[in-house]
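Enquirer: Pasting target.cif below, which is mmCIF, C-alpha atoms.
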```cif
data_target
loop_
_atom_site.group_PDB
_atom_site.id
_atom_site.type_symbol
_atom_site.label_atom_id
_atom_site.label_comp_id
_atom_site.auth_asym_id
_atom_site.auth_seq_id
_atom_site.Cartn_x
_atom_site.Cartn_y
_atom_site.Cartn_z
ATOM 1 C CA MET A 1 240.689 151.113 60.418
ATOM 2 C CA THR A 2 238.168 148.291 60.437
ATOM 3 C CA ALA A 3 234.532 149.030 60.987
ATOM 4 C CA SER A 4 233.117 147.804 64.283
ATOM 5 C CA ALA A 5 230.853 144.757 64.031
ATOM 6 C CA GLU A 6 227.163 145.481 64.158
ATOM 7 C CA PRO A 7 225.350 144.023 67.190
ATOM 8 C CA PRO A 8 223.360 140.894 66.371
ATOM 9 C CA CYS A 9 219.693 141.420 65.596
ATOM 10 C CA VAL A 10 217.698 139.844 68.423
ATOM 11 C CA PRO A 11 213.983 139.545 67.595
ATOM 12 C CA THR A 12 211.613 140.667 70.292
ATOM 13 C CA ALA A 13 208.976 138.274 71.610
ATOM 14 C CA GLU A 14 205.462 138.602 70.271
ATOM 15 C CA ARG A 15 203.035 140.306 72.583
ATOM 16 C CA LEU A 16 200.546 137.999 74.254
ATOM 17 C CA ASP A 17 197.451 139.837 73.008
ATOM 18 C CA VAL A 18 198.726 139.719 69.425
ATOM 19 C CA ALA A 19 199.612 136.027 69.745
ATOM 20 C CA LEU A 20 196.162 135.209 71.105
ATOM 21 C CA ARG A 21 194.470 136.999 68.207
ATOM 22 C CA ARG A 22 196.669 135.151 65.749
ATOM 23 C CA ALA A 23 196.021 131.818 67.473
ATOM 24 C CA THR A 24 192.264 132.422 67.558
ATOM 25 C CA ALA A 25 192.192 133.116 63.812
ATOM 26 C CA ARG A 26 194.288 130.011 63.114
ATOM 27 C CA LEU A 27 192.028 127.749 65.164
ATOM 28 C CA ALA A 28 188.833 129.241 63.748
ATOM 29 C CA GLN A 29 190.132 128.607 60.237
ATOM 30 C CA ALA A 30 190.838 124.984 61.218
ATOM 31 C CA GLY A 31 187.224 124.501 62.346
ATOM 32 C CA VAL A 32 187.832 124.390 66.097
ATOM 33 C CA ALA A 33 184.507 125.142 67.802
ATOM 34 C CA THR A 34 185.894 127.364 70.576
ATOM 35 C CA PRO A 35 188.976 129.020 69.071
ATOM 36 C CA ARG A 36 189.472 131.866 71.550
ATOM 37 C CA GLN A 37 188.904 129.682 74.611
ATOM 38 C CA ASP A 38 191.319 127.067 73.276
ATOM 39 C CA ALA A 39 193.969 129.651 72.447
ATOM 40 C CA GLU A 40 193.721 131.063 75.972
ATOM 41 C CA ALA A 41 193.798 127.577 77.512
ATOM 42 C CA LEU A 42 196.995 126.709 75.658
ATOM 43 C CA ALA A 43 198.688 129.967 76.638
ATOM 44 C CA ALA A 44 197.558 129.621 80.265
ATOM 45 C CA HIS A 45 198.902 126.055 80.295
ATOM 46 C CA LEU A 46 202.331 127.232 79.145
ATOM 47 C CA LEU A 47 202.382 130.114 81.606
ATOM 48 C CA GLY A 48 201.025 128.056 84.506
ATOM 49 C CA CYS A 49 198.280 130.552 85.277
ATOM 50 C CA ARG A 50 194.500 130.804 85.340
ATOM 51 C CA PRO A 51 192.509 132.188 82.373
ATOM 52 C CA GLY A 52 191.658 135.374 84.291
ATOM 53 C CA GLU A 53 195.319 135.935 85.086
ATOM 54 C CA LEU A 54 196.179 135.316 81.437
ATOM 55 C CA ARG A 55 193.745 138.003 80.254
ATOM 56 C CA ALA A 56 195.153 140.462 82.767
ATOM 57 C CA ALA A 57 198.675 139.708 81.516
ATOM 58 C CA ALA A 58 197.553 140.300 77.935
ATOM 59 C CA LEU A 59 196.118 143.691 78.898
ATOM 60 C CA ARG A 60 199.450 144.596 80.540
ATOM 61 C CA GLY A 61 201.287 143.911 77.283
ATOM 62 C CA ALA A 62 203.056 140.749 78.481
ATOM 63 C CA ASP A 63 205.021 138.570 76.081
ATOM 64 C CA ALA A 64 203.554 135.387 74.629
ATOM 65 C CA PRO A 65 205.026 132.195 76.115
ATOM 66 C CA PRO A 66 207.559 130.266 74.031
ATOM 67 C CA GLY A 67 206.020 127.262 72.283
ATOM 68 C CA LEU A 68 202.520 128.691 71.928
ATOM 69 C CA ALA A 69 202.597 128.667 68.127
ATOM 70 C CA ASP A 70 203.621 124.995 68.118
ATOM 71 C CA LEU A 71 200.748 124.013 70.409
ATOM 72 C CA VAL A 72 198.314 126.046 68.321
ATOM 73 C CA ASP A 73 199.497 124.184 65.220
ATOM 74 C CA GLU A 74 198.831 120.869 66.972
ATOM 75 C CA ARG A 75 195.364 122.024 68.026
ATOM 76 C CA ALA A 76 194.675 123.187 64.476
ATOM 77 C CA ARG A 77 195.433 119.623 63.375
ATOM 78 C CA ARG A 78 192.584 118.731 65.758
ATOM 79 C CA VAL A 79 194.644 117.091 68.444
ATOM 80 C CA PRO A 80 192.355 117.334 71.498
ATOM 81 C CA LEU A 81 192.983 120.349 73.689
ATOM 82 C CA GLN A 82 193.139 118.067 76.736
ATOM 83 C CA HIS A 83 195.906 115.984 75.144
ATOM 84 C CA LEU A 84 197.968 119.150 74.687
ATOM 85 C CA THR A 85 197.459 120.392 78.240
ATOM 86 C CA GLY A 86 197.414 116.895 79.757
ATOM 87 C CA ARG A 87 194.392 117.726 81.934
ATOM 88 C CA ALA A 88 190.602 117.624 81.722
ATOM 89 C CA ALA A 89 188.235 119.386 84.106
ATOM 90 C CA PHE A 90 185.327 117.280 85.353
ATOM 91 C CA ARG A 91 182.813 118.672 87.851
ATOM 92 C CA THR A 92 184.846 119.568 90.963
ATOM 93 C CA VAL A 93 188.017 117.680 89.969
ATOM 94 C CA GLU A 94 190.636 117.456 87.225
ATOM 95 C CA VAL A 95 192.054 114.284 85.708
ATOM 96 C CA ASP A 96 195.189 113.546 83.732
ATOM 97 C CA VAL A 97 194.400 112.445 80.187
ATOM 98 C CA GLY A 98 196.245 111.703 76.965
ATOM 99 C CA PRO A 99 196.487 109.170 74.150
ATOM 100 C CA GLY A 100 194.868 105.875 75.100
ATOM 101 C CA VAL A 101 192.026 107.173 77.261
ATOM 102 C CA PHE A 102 188.631 108.719 76.576
ATOM 103 C CA VAL A 103 188.473 112.441 77.356
ATOM 104 C CA PRO A 104 185.500 113.026 79.722
ATOM 105 C CA ARG A 105 182.727 115.234 78.329
ATOM 106 C CA PRO A 106 180.346 117.755 79.931
ATOM 107 C CA GLU A 107 177.332 115.466 79.384
ATOM 108 C CA THR A 108 178.969 112.851 81.589
ATOM 109 C CA GLU A 109 179.204 115.414 84.392
ATOM 110 C CA VAL A 110 175.391 115.308 84.534
ATOM 111 C CA VAL A 111 175.455 111.504 84.745
ATOM 112 C CA ALA A 112 177.970 111.692 87.581
ATOM 113 C CA GLY A 113 175.731 114.232 89.285
ATOM 114 C CA VAL A 114 172.905 111.693 89.511
ATOM 115 C CA ALA A 115 175.258 109.231 91.207
ATOM 116 C CA VAL A 116 176.530 111.943 93.557
ATOM 117 C CA ALA A 117 172.981 112.955 94.544
ATOM 118 C CA GLU A 118 171.995 109.357 95.290
ATOM 119 C CA ALA A 119 175.188 108.731 97.262
ATOM 120 C CA ARG A 120 174.496 111.852 99.309
ATOM 121 C CA ARG A 121 170.944 110.651 99.976
ATOM 122 C CA VAL A 122 172.257 107.338 101.295
ATOM 123 C CA ALA A 123 174.906 109.097 103.378
ATOM 124 C CA ALA A 124 172.249 111.342 104.911
ATOM 125 C CA SER A 125 170.469 108.206 106.140
ATOM 126 C CA GLY A 126 173.518 107.424 108.266
ATOM 127 C CA ARG A 127 175.109 104.727 106.105
ATOM 128 C CA ALA A 128 178.291 104.931 104.006
ATOM 129 C CA PRO A 129 177.112 104.624 100.374
ATOM 130 C CA VAL A 130 178.728 101.993 98.156
ATOM 131 C CA VAL A 131 179.203 103.206 94.569
ATOM 132 C CA VAL A 132 180.496 101.268 91.553
ATOM 133 C CA ASP A 133 181.719 102.896 88.327
ATOM 134 C CA LEU A 134 181.639 100.388 85.466
ATOM 135 C CA GLY A 135 184.065 101.187 82.634
ATOM 136 C CA THR A 136 185.762 104.032 84.461
ATOM 137 C CA GLY A 137 188.133 105.144 81.674
ATOM 138 C CA SER A 138 190.188 107.990 83.135
ATOM 139 C CA GLY A 139 188.524 107.474 86.518
ATOM 140 C CA ALA A 140 186.689 110.806 86.273
ATOM 141 C CA ILE A 141 183.295 109.648 87.586
ATOM 142 C CA ALA A 142 184.796 107.606 90.417
ATOM 143 C CA LEU A 143 187.040 110.503 91.428
ATOM 144 C CA ALA A 144 184.169 113.014 91.360
ATOM 145 C CA VAL A 145 181.963 110.811 93.548
ATOM 146 C CA ARG A 146 184.800 110.214 96.007
ATOM 147 C CA HIS A 147 185.579 113.933 96.153
ATOM 148 C CA GLU A 148 181.985 115.144 96.483
ATOM 149 C CA VAL A 149 180.775 112.415 98.854
ATOM 150 C CA PRO A 150 183.732 111.750 101.174
ATOM 151 C CA ARG A 151 181.841 109.005 103.041
ATOM 152 C CA ALA A 152 181.295 107.012 99.846
ATOM 153 C CA VAL A 153 183.059 103.689 99.351
ATOM 154 C CA VAL A 154 183.870 103.801 95.645
ATOM 155 C CA HIS A 155 184.856 100.929 93.367
ATOM 156 C CA ALA A 156 185.796 101.201 89.671
ATOM 157 C CA VAL A 157 186.720 98.800 86.889
ATOM 158 C CA GLU A 158 188.290 99.285 83.459
ATOM 159 C CA LEU A 159 188.916 96.654 80.791
ATOM 160 C CA ASP A 160 191.436 98.417 78.553
ATOM 161 C CA PRO A 161 194.982 98.317 80.007
ATOM 162 C CA ALA A 162 195.952 101.729 78.577
ATOM 163 C CA ALA A 163 192.898 103.436 80.039
ATOM 164 C CA HIS A 164 193.358 101.534 83.306
ATOM 165 C CA ALA A 165 196.856 103.005 83.595
ATOM 166 C CA TRP A 166 195.411 106.525 83.344
ATOM 167 C CA ALA A 167 192.747 105.677 85.936
ATOM 168 C CA ALA A 168 195.404 104.289 88.288
ATOM 169 C CA ARG A 169 197.288 107.565 87.964
ATOM 170 C CA ASN A 170 194.200 109.658 88.668
ATOM 171 C CA LEU A 171 192.854 107.532 91.516
ATOM 172 C CA ALA A 172 196.128 106.902 93.331
ATOM 173 C CA GLY A 173 195.854 107.782 97.003
ATOM 174 C CA THR A 174 192.092 108.452 96.865
ATOM 175 C CA GLY A 175 190.923 105.214 98.453
ATOM 176 C CA VAL A 176 188.995 104.175 95.339
ATOM 177 C CA ASP A 177 189.175 100.411 94.717
ATOM 178 C CA LEU A 178 190.283 100.241 91.053
ATOM 179 C CA ARG A 179 190.366 96.918 89.228
ATOM 180 C CA LEU A 180 191.384 95.767 85.759
ATOM 181 C CA GLY A 181 188.599 93.698 84.265
ATOM 182 C CA ASP A 182 185.381 93.413 82.301
ATOM 183 C CA ALA A 183 182.274 95.257 83.503
ATOM 184 C CA ALA A 184 180.238 92.212 82.447
ATOM 185 C CA ASP A 185 181.551 90.042 85.294
ATOM 186 C CA ALA A 186 183.191 92.521 87.667
ATOM 187 C CA PHE A 187 182.893 92.706 91.448
ATOM 188 C CA GLY A 188 181.401 89.317 92.219
ATOM 189 C CA ASP A 189 182.408 89.968 95.819
ATOM 190 C CA LEU A 190 180.002 92.934 95.983
ATOM 191 C CA ASP A 191 176.822 91.228 94.755
ATOM 192 C CA GLY A 192 173.729 92.658 96.432
ATOM 193 C CA THR A 193 175.615 95.271 98.488
ATOM 194 C CA VAL A 194 175.907 98.297 96.183
ATOM 195 C CA ASP A 195 173.818 101.459 96.451
ATOM 196 C CA VAL A 196 174.694 103.098 93.112
ATOM 197 C CA VAL A 197 175.999 101.732 89.829
ATOM 198 C CA VAL A 198 177.034 104.446 87.374
ATOM 199 C CA SER A 199 178.464 104.009 83.897
ATOM 200 C CA ASN A 200 179.471 105.889 80.787
ATOM 201 C CA PRO A 201 179.994 102.764 78.690
ATOM 202 C CA PRO A 202 180.955 102.547 75.027
ATOM 203 C CA TYR A 203 177.684 102.922 73.094
ATOM 204 C CA VAL A 204 178.356 104.310 69.605
ATOM 205 C CA PRO A 205 176.739 102.096 66.914
ATOM 206 C CA PRO A 206 179.131 100.756 64.257
ATOM 207 C CA HIS A 207 177.615 102.924 61.505
ATOM 208 C CA ALA A 208 177.689 106.172 63.524
ATOM 209 C CA VAL A 209 181.358 107.123 63.182
ATOM 210 C CA PRO A 210 181.887 110.392 65.096
ATOM 211 C CA VAL A 211 182.254 113.497 62.938
ATOM 212 C CA ASP A 212 184.617 115.457 65.187
ATOM 213 C CA PRO A 213 188.259 114.547 64.459
ATOM 214 C CA GLU A 214 189.107 114.929 68.156
ATOM 215 C CA VAL A 215 186.788 112.004 68.909
ATOM 216 C CA ARG A 216 187.084 109.949 65.734
ATOM 217 C CA ASP A 217 190.869 110.060 65.483
ATOM 218 C CA HIS A 218 191.975 110.286 69.101
ATOM 219 C CA ASP A 219 189.509 108.622 71.490
ATOM 220 C CA PRO A 220 190.142 104.858 71.756
ATOM 221 C CA ALA A 221 187.728 102.749 69.708
ATOM 222 C CA ALA A 222 187.222 100.517 72.751
ATOM 223 C CA ALA A 223 185.759 103.511 74.594
ATOM 224 C CA LEU A 224 183.443 104.494 71.741
ATOM 225 C CA TYR A 225 181.806 101.528 70.038
ATOM 226 C CA GLY A 226 179.344 99.581 72.154
ATOM 227 C CA GLY A 227 178.997 96.439 70.024
ATOM 228 C CA GLY A 228 176.060 94.992 68.139
ATOM 229 C CA PRO A 229 174.098 96.668 65.351
ATOM 230 C CA ASP A 230 172.649 99.264 67.737
ATOM 231 C CA GLY A 231 175.778 99.861 69.853
ATOM 232 C CA LEU A 232 174.010 98.625 72.982
ATOM 233 C CA ASP A 233 175.742 95.310 73.699
ATOM 234 C CA VAL A 234 177.959 96.860 76.386
ATOM 235 C CA PRO A 235 175.201 99.028 77.949
ATOM 236 C CA ARG A 236 172.983 95.925 78.208
ATOM 237 C CA ALA A 237 175.826 94.065 79.910
ATOM 238 C CA VAL A 238 176.166 97.004 82.317
ATOM 239 C CA LEU A 239 172.489 96.695 83.235
ATOM 240 C CA ARG A 240 172.872 92.966 83.867
ATOM 241 C CA THR A 241 175.866 93.611 86.113
ATOM 242 C CA ALA A 242 173.993 96.383 87.921
ATOM 243 C CA ALA A 243 171.078 94.034 88.603
ATOM 244 C CA ARG A 244 173.518 91.630 90.248
ATOM 245 C CA LEU A 245 175.431 94.244 92.253
ATOM 246 C CA LEU A 246 172.686 96.506 93.545
ATOM 247 C CA ARG A 247 170.873 96.029 96.808
ATOM 248 C CA PRO A 248 167.046 96.202 96.545
ATOM 249 C CA GLY A 249 166.087 99.781 95.705
ATOM 250 C CA GLY A 250 169.628 100.640 94.579
ATOM 251 C CA LEU A 251 170.041 103.030 91.659
ATOM 252 C CA VAL A 252 171.613 102.488 88.234
ATOM 253 C CA VAL A 253 172.427 105.376 85.887
ATOM 254 C CA VAL A 254 173.817 104.793 82.377
ATOM 255 C CA GLU A 255 174.839 107.253 79.668
ATOM 256 C CA HIS A 256 173.811 106.613 76.044
ATOM 257 C CA ALA A 257 173.590 108.222 72.603
ATOM 258 C CA GLU A 258 170.709 110.556 71.815
ATOM 259 C CA VAL A 259 168.793 107.952 69.781
ATOM 260 C CA GLN A 260 169.181 105.059 72.254
ATOM 261 C CA GLN A 261 166.976 106.162 75.137
ATOM 262 C CA PRO A 262 163.781 104.372 73.992
ATOM 263 C CA ALA A 263 165.669 101.086 73.556
ATOM 264 C CA LEU A 264 167.282 101.277 76.990
ATOM 265 C CA LEU A 265 164.036 102.248 78.691
ATOM 266 C CA ALA A 266 162.381 99.235 77.040
ATOM 267 C CA GLU A 267 165.258 97.080 78.302
ATOM 268 C CA LEU A 268 164.730 98.356 81.846
ATOM 269 C CA ARG A 269 160.990 97.699 81.721
ATOM 270 C CA ARG A 270 161.517 94.173 80.385
ATOM 271 C CA GLY A 271 163.970 93.544 83.219
ATOM 272 C CA GLY A 272 161.450 94.545 85.861
ATOM 273 C CA TRP A 273 163.371 97.602 87.051
ATOM 274 C CA ARG A 274 161.454 100.135 89.158
ATOM 275 C CA GLU A 275 161.043 103.784 88.180
ATOM 276 C CA PRO A 276 162.793 103.614 84.783
ATOM 277 C CA ALA A 277 163.342 107.176 83.596
ATOM 278 C CA GLY A 278 165.043 108.979 80.733
ATOM 279 C CA HIS A 279 167.004 112.165 81.334
ATOM 280 C CA THR A 280 168.519 114.959 79.251
ATOM 281 C CA ASP A 281 171.885 116.684 79.327
ATOM 282 C CA LEU A 282 172.402 120.426 79.751
ATOM 283 C CA THR A 283 171.507 121.029 76.091
ATOM 284 C CA GLY A 284 168.188 119.183 76.411
ATOM 285 C CA ARG A 285 169.292 116.069 74.504
ATOM 286 C CA PRO A 286 168.282 112.615 75.855
ATOM 287 C CA ARG A 287 171.574 111.257 77.195
ATOM 288 C CA HIS A 288 171.090 108.895 80.144
ATOM 289 C CA VAL A 289 168.629 106.579 81.874
ATOM 290 C CA SER A 290 168.156 105.606 85.495
ATOM 291 C CA ALA A 291 166.144 103.008 87.395
ATOM 292 C CA ARG A 292 165.943 101.264 90.746
ATOM 293 C CA ARG A 293 166.443 97.581 91.384
ATOM 294 C CA TRP A 294 163.358 95.612 92.261
ATOM 295 C CA GLU A 295 162.793 94.820 95.932
ATOM 296 C CA SER A 296 162.602 91.024 95.811
ATOM 297 C CA GLY A 297 162.500 89.464 92.342
ATOM 298 C CA PRO A 298 162.015 90.967 88.878
ATOM 299 C CA SER A 299 158.359 91.628 88.123
#
```
Please re-express this file's structure in structure tokens.
Expert:
Amino acid sequence: MTASAEPPCVPTAERLDVALRRATARLAQAGVATPRQDAEALAAHLLGCRPGELRAAALRGADAPPGLADLVDERARRVPLQHLTGRAAFRTVEVDVGPGVFVPRPETEVVAGVAVAEARRVAASGRAPVVVDLGTGSGAIALAVRHEVPRAVVHAVELDPAAHAWAARNLAGTGVDLRLGDAADAFGDLDGTVDVVVSNPPYVPPHAVPVDPEVRDHDPAAALYGGGPDGLDVPRAVLRTAARLLRPGGLVVVEHAEVQQPALLAELRRGGWREPAGHTDLTGRPRHVSARRWESGPS
């Protein structure tokens, strides 16, 4: 009499709470700044749920989603979280991101907020505000302005074809006028008609290579390095374009590195801009400047 075959051993899935603890330890060991948040974001992405729903599922003893360990390994190799989920939150919107486009940062949300506030001020006066985003990248700023100020007429330009493709994806169907081109000579048809020019241009100096692997190894160089010994060639070109585009009294707001605010404020004063001002981000670091275009001619 032959012995009956033993049933195959089928491993049980790892519990979600255990997997999250394991993932958090793995990411912390790899130097990820927010290991628990990233572990939860990856699991929530795979499960198609919100972080709060994920935590509730973990408390109920739910199983971890298949593929979580693989994504955690990628994140531990410092692939940006947003590249793994394919999405980046920005103010009141989300944008698709991935290789070939700059991942928008929280400090840029503050820059966009200045443009939103000015556009709202113009709209409150009874006129549809005209806003231009120079070097739009993923289209995050343009999309946020369009979403938060529905009356705004928004235009955006991007030089890099790969980034432009991401912006086209994010801005499709929004009514934003997106163009492929150089911020230095863009929108000649809008000269003197724009209320707000906003920009997060490339501004990293050539010697200041970013420390974080997510930025250094994955953000496009064209979106990082601003040209010239101080990294300000592109920001200066943005200011020249803004001077051409803005109507008298129109507002320009430009992001910069922490050490560049004095140089950009000096540039604004030399150009005769009104009310040049430096501003900080949410951590108190100097990160953007603003000014208004002169009324008639530069002083």
Enquirer: Measure the distance from CA of Ala115 in chain A to CA of Ala222 in chain A in Å and round it to one decimal.
Expert: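 It comes out at 23.7 Å.
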Enquirer: Given the PyMOL selection byres ((chain A and resi 278) around 6) and the file above, list the residues it selects as a ChimeraX atom specification.
Expert: /A:277,279,289
Enquirer: Could you write out the selected residues, including C-alpha atoms, as a PDB file, in the coordinates of the input?
Expert:
```pdb
ATOM      1  CA  ALA A 277     163.342 107.176  83.596  1.00  0.00           C
ATOM      2  CA  HIS A 279     167.004 112.165  81.334  1.00  0.00           C
ATOM      3  CA  VAL A 289     168.629 106.579  81.874  1.00  0.00           C
TER       4      VAL A 289
END
```
Enquirer: Nearest to Leu180 in chain A: which of A:Gly137, A:Pro201, A:Pro66, A:Gly249 is it, counting all atoms listed in the file?
Expert: A:Gly137
Enquirer: Tell me, as a list in words, which residues lie within 12 Å of Ala266 in chain A, counting only C-alpha atoms; anything in the same chain fewer than 4 positions away does not count.
Expert: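 Once the adjacent positions are removed, what remains is Arg236, Gln260, Gln261, Pro262, Arg270, Gly271, Gly272, Trp273, Pro276, Ala277, Gly278, Val289 and Ala291 of chain A.
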Enquirer: Can you pull out every residue within 7 Å of Ala184 in chain A, counting all atoms listed in the file, but drop anything in the same chain fewer than 4 positions away, and send it as a ChimeraX atom specification?
Expert: /A:237-238,241
Enquirer: For each of A:Leu54, A:Leu71, A:Val204, A:Leu81, take the minimum atom-to-atom distance to Ala257 in chain A, counting only C-alpha atoms, then give the residue where this is smallest.
Expert: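 Among the listed residues, A:Val204 lies closest to Ala257 in chain A.
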Enquirer: Take the PyMOL selection byres ((chain A and resi 39-46) around 8), apply it to the structure above, and return the hits as a ChimeraX atom specification.
Expert: /A:20,23-24,27,35-38,47-51,54,64-68,71-72,81,84-85
Enquirer: For Leu159 in chain A, which residue out of A:Val196, A:Ala88, A:Val131, A:Val234 is the nearest one, using all atoms listed in the file?
Expert: A:Val234
Enquirer: Restricting the calculation to all atoms listed in the file, which member of A:Ala140, A:Arg240, A:Ala76, A:Ala208 is positioned closest to Gly31 in chain A?
Expert: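 That would be A:Ala76, the residue with the smallest distance to Gly31 in chain A.
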Enquirer: For this structure, which residues satisfy the selection - the PyMOL selection byres ((chain A and resi 97) around 12) - when it is evaluated on the file as given? I want them as a ChimeraX atom specification.
Expert: /A:80-90,94-96,98-104,137-140,162-170,218-219
Enquirer: Considering all atoms listed in the file, state which residue in the set A:Arg78, A:Asp185, A:Val145, A:Glu107 is at the smallest distance from Val211 in chain A.
Expert: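 That would be A:Arg78, the residue with the smallest distance to Val211 in chain A.
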Enquirer: One number please: CA of Val18 in chain A to CA of Pro213 in chain A, in Å, one decimal.
Expert: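 Going from CA of Val18 in chain A over to CA of Pro213 in chain A, I get 27.7 Å.
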Enquirer: Which one is closest to Leu16 in chain A: A:Asp189, A:Asp63, A:Asp70, A:Glu53? Count only C-alpha atoms.
Expert: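 Once distances to Leu16 in chain A are computed over only C-alpha atoms, the minimum belongs to A:Asp63.
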Enquirer: Within 10 Å of (173.3, 108.3, 72.8), all atoms listed in the file: residues as a ChimeraX atom specification?
Expert: /A:202-205,231-232,255-261,285-288
Enquirer: Could you please determine the separation between CA of Val157 in chain A and CA of Arg293 in chain A in Å, to one decimal place?
Expert: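 CA of Arg293 in chain A lies at a distance of 20.8 Å from CA of Val157 in chain A.
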Enquirer: Could you give me the centre and size, in Å to one decimal, of an axis-aligned box around all listed atoms of range 148-157 of chain A with 6 Å added on every side, as AutoDock Vina command-line options?
Expert:
```
--center_x 183.7 --center_y 107.0 --center_z 95.0 --size_x 17.9 --size_y 28.3 --size_z 28.2
```
